[in-house]
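Data block below; observations after.
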Amino acid sequence: MNEEDELGMKVWLSLWKSERSVETHALASIATMGMSLTDFAVLEVLLHKGPLPVNTIGKKVLLTSGSITTAVDRLEQKGLVERLDSPTDRRVRIVSLTKEGTKQIKLAFFEHRKHLELAVSPLTKDEQSQLVALLKKLGTGADRLRTAE
């Protein structure tokens with residue numbers, strides 16, 4: 001095998017190692033706010049997407065139905081979210097941020113954003129934009145290949 005034959009492996013290893021390094025920054029920033037990654041993810045989805053059914057939140061943050069229910073229970077006990085009846089389907093419960101939840105996640109997200117900007121600062125803004133475009137292209141292409149199998 002020559003070096004060109006190993007490029008796919010090198011790309012994967014570089015992505016994995018880089019992701020781990022950036023993730024370390026992300027997890028540290030969330031931990032300094034006294035939140036778990038799960039709580040942060042649920043609150044962040046609600047901040048940016050608005051009130052959502054429990055199962056929709058679980059799909060967005062990659063949690064099973066049991067895990068998302070536990071997370072929402074915990075956030076509700078802390079007074080950060082509330083469950084509301086769906087106006088269109090009595091079987092569905094909608095999760096919404098409370099005023100305190102909105103306040104906490106806005107502050108946490110602002111701080112988190114600063115930590116992530118620091119984590120990617122070895123790249124120029126132009127390089128960051130190029131990387132985002134290339135990663136989207138890679139992910140989309142890989143997904144297309146997988147569904148074609």
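So you can find residues: chains in the structure tokens are A, B, ... in the order shown, residues in each start at 1, and ligands are numbered from 1 in order.
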Give me the stretch 57-131 of chain A side of the contact with stretch 14-32 of chain A, cut-off 9 Å, one line per residue showing its nearest atom pair and distance in Å at one decimal, counting only C-alpha atoms, sorted by chain and residue number, as a Markdown table.
```
| residue | atom | partner | partner_atom | distance |
| --- | --- | --- | --- | --- |
| A:Ala108 | CA | A:Ile30 | CA | 7.4 |
| A:Phe109 | CA | A:Ile30 | CA | 8.8 |
| A:Glu111 | CA | A:Ser29 | CA | 7.3 |
| A:His112 | CA | A:Ser29 | CA | 5.7 |
| A:Arg113 | CA | A:Ala26 | CA | 8.8 |
| A:Lys114 | CA | A:Ser29 | CA | 9.0 |
| A:His115 | CA | A:Ser29 | CA | 6.3 |
| A:Leu116 | CA | A:Ala26 | CA | 6.3 |
| A:Leu118 | CA | A:His25 | CA | 8.5 |
| A:Ala119 | CA | A:Val22 | CA | 5.8 |
| A:Val120 | CA | A:Val22 | CA | 7.4 |
```
Since we have the selection now, will you write its residues out, keeping N, CA and C atoms, as a CSV table (one decimal), in the first residue's frame?
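Writing the result to part-v1.csv gives the following:
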```csv
chain,number,residue,atom,x,y,z
A,108,ALA,N,-25.4,30.3,29.7
A,108,ALA,CA,-24.5,29.1,29.5
A,108,ALA,C,-24.1,29.0,28.0
A,109,PHE,N,-25.0,29.3,27.1
A,109,PHE,CA,-24.7,29.2,25.7
A,109,PHE,C,-23.7,30.2,25.2
A,111,GLU,N,-21.4,31.6,27.1
A,111,GLU,CA,-20.1,31.2,27.6
A,111,GLU,C,-19.5,30.0,26.8
A,112,HIS,N,-20.4,29.1,26.5
A,112,HIS,CA,-20.0,27.9,25.7
A,112,HIS,C,-19.5,28.3,24.3
A,113,ARG,N,-20.2,29.3,23.7
A,113,ARG,CA,-19.7,29.8,22.4
A,113,ARG,C,-18.3,30.3,22.5
A,114,LYS,N,-18.0,31.1,23.6
A,114,LYS,CA,-16.7,31.7,23.8
A,114,LYS,C,-15.6,30.6,23.9
A,115,HIS,N,-15.9,29.5,24.6
A,115,HIS,CA,-15.0,28.4,24.8
A,115,HIS,C,-14.7,27.7,23.4
A,116,LEU,N,-15.8,27.5,22.6
A,116,LEU,CA,-15.6,26.9,21.3
A,116,LEU,C,-14.8,27.8,20.4
A,118,LEU,N,-12.5,29.8,21.2
A,118,LEU,CA,-11.1,29.6,21.6
A,118,LEU,C,-10.6,28.2,21.1
A,119,ALA,N,-11.4,27.2,21.2
A,119,ALA,CA,-10.9,25.9,20.7
A,119,ALA,C,-10.6,25.8,19.3
A,120,VAL,N,-11.3,26.6,18.4
A,120,VAL,CA,-11.0,26.6,17.0
A,120,VAL,C,-10.1,27.7,16.6
```
Notebook entry, point to check: Mind checking DSSP for stretch 44-129 of chain A and telling me the strand (DSSP E or B) residues as a PyMOL selection string?
Noted result: chain A and resi 52-53+81-85+93-97
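Interatomic distance, atom CA of A:Leu80 against atom CA of A:Lys49: 15.8 Å.
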Note to self: When DSSP is applied to the backbone of this structure, which of stretch 60-89 of chain A are assigned helix (DSSP H, G or I)? Write them out as number ranges by chain.
What the structure shows: A: 60, 65-77
When you look at A:Val61 with a cut-off of 9 Å (counting only C-alpha atoms), what residues show up, excluding the ones that are within fewer than 5 positions of it in the same chain? I need them as a PDB file with N, CA and C atoms, in the first residue's frame.
```pdb
ATOM      1  N   THR A  38     -26.076  16.360  28.842  1.00  0.00           N
ATOM      2  CA  THR A  38     -27.461  16.083  28.483  1.00  0.00           C
ATOM      3  C   THR A  38     -28.359  17.272  28.803  1.00  0.00           C
ATOM      4  N   ALA A  41     -27.675  20.076  26.384  1.00  0.00           N
ATOM      5  CA  ALA A  41     -28.199  19.779  25.047  1.00  0.00           C
ATOM      6  C   ALA A  41     -29.707  19.979  24.977  1.00  0.00           C
ATOM      7  N   VAL A  42     -30.435  19.512  25.980  1.00  0.00           N
ATOM      8  CA  VAL A  42     -31.896  19.668  25.994  1.00  0.00           C
ATOM      9  C   VAL A  42     -32.267  21.149  26.061  1.00  0.00           C
ATOM     10  N   VAL A  45     -31.474  22.949  22.717  1.00  0.00           N
ATOM     11  CA  VAL A  45     -32.462  22.664  21.668  1.00  0.00           C
ATOM     12  C   VAL A  45     -33.722  23.497  21.892  1.00  0.00           C
ATOM     13  N   THR A  56     -39.413  14.406  20.301  1.00  0.00           N
ATOM     14  CA  THR A  56     -38.673  15.183  19.300  1.00  0.00           C
ATOM     15  C   THR A  56     -37.353  15.666  19.885  1.00  0.00           C
ATOM     16  N   ILE A  68     -34.525  10.542  27.773  1.00  0.00           N
ATOM     17  CA  ILE A  68     -35.018  11.910  27.606  1.00  0.00           C
ATOM     18  C   ILE A  68     -36.075  12.215  28.659  1.00  0.00           C
TER      19      ILE A  68
END
```
Item checked: Between atom CA of A:Lys136 and atom CA of A:Leu7, distance in Å (one decimal) ->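 Interatomic distance here is 18.3 Å.
Here atom CA of A:Arg83 and atom CA of A:Met33 stand 23.9 Å from one another.
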Check: Which one of A:Leu43, A:Ser121, A:Val11, A:Leu138 sits closest to A:Leu97 if you count only C-alpha atoms?
Finding: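 Closest to A:Leu97 of all the choices is A:Leu43.
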Next item on the list: Find, counting only C-alpha atoms, the residue in A:Pro53, A:Gly34, A:Gly58, A:Pro122 that gets nearest to A:Asp89.
Entry: A:Pro53
Check: Leaving out A:Ser86 and any residue of its chain fewer than 4 positions from it, which residues lie within 10 Å of it when counting only C-alpha atoms, given as a ChimeraX atom specification?
Finding: /A:52-53,90-95
Quick one: residues within 8 Å of A:Thr98, only C-alpha atoms, excluding same-chain residues fewer than 6 positions away - as a compact mmCIF listing (two decimals) with N, CA and C atoms, in the first residue's frame?
```txt
# COMPACT_ATOMS: atom_id res chain seq x y z
N GLY A 79 -36.73 23.47 37.92
CA GLY A 79 -37.48 24.66 37.53
C GLY A 79 -37.01 25.29 36.22
N LEU A 80 -36.33 24.51 35.38
CA LEU A 80 -35.79 25.06 34.14
C LEU A 80 -36.69 24.81 32.93
N VAL A 81 -37.54 23.77 33.01
CA VAL A 81 -38.49 23.48 31.95
C VAL A 81 -39.84 23.15 32.58
N GLU A 82 -40.85 23.20 31.74
CA GLU A 82 -42.18 22.76 32.17
C GLU A 82 -42.82 21.96 31.05
```
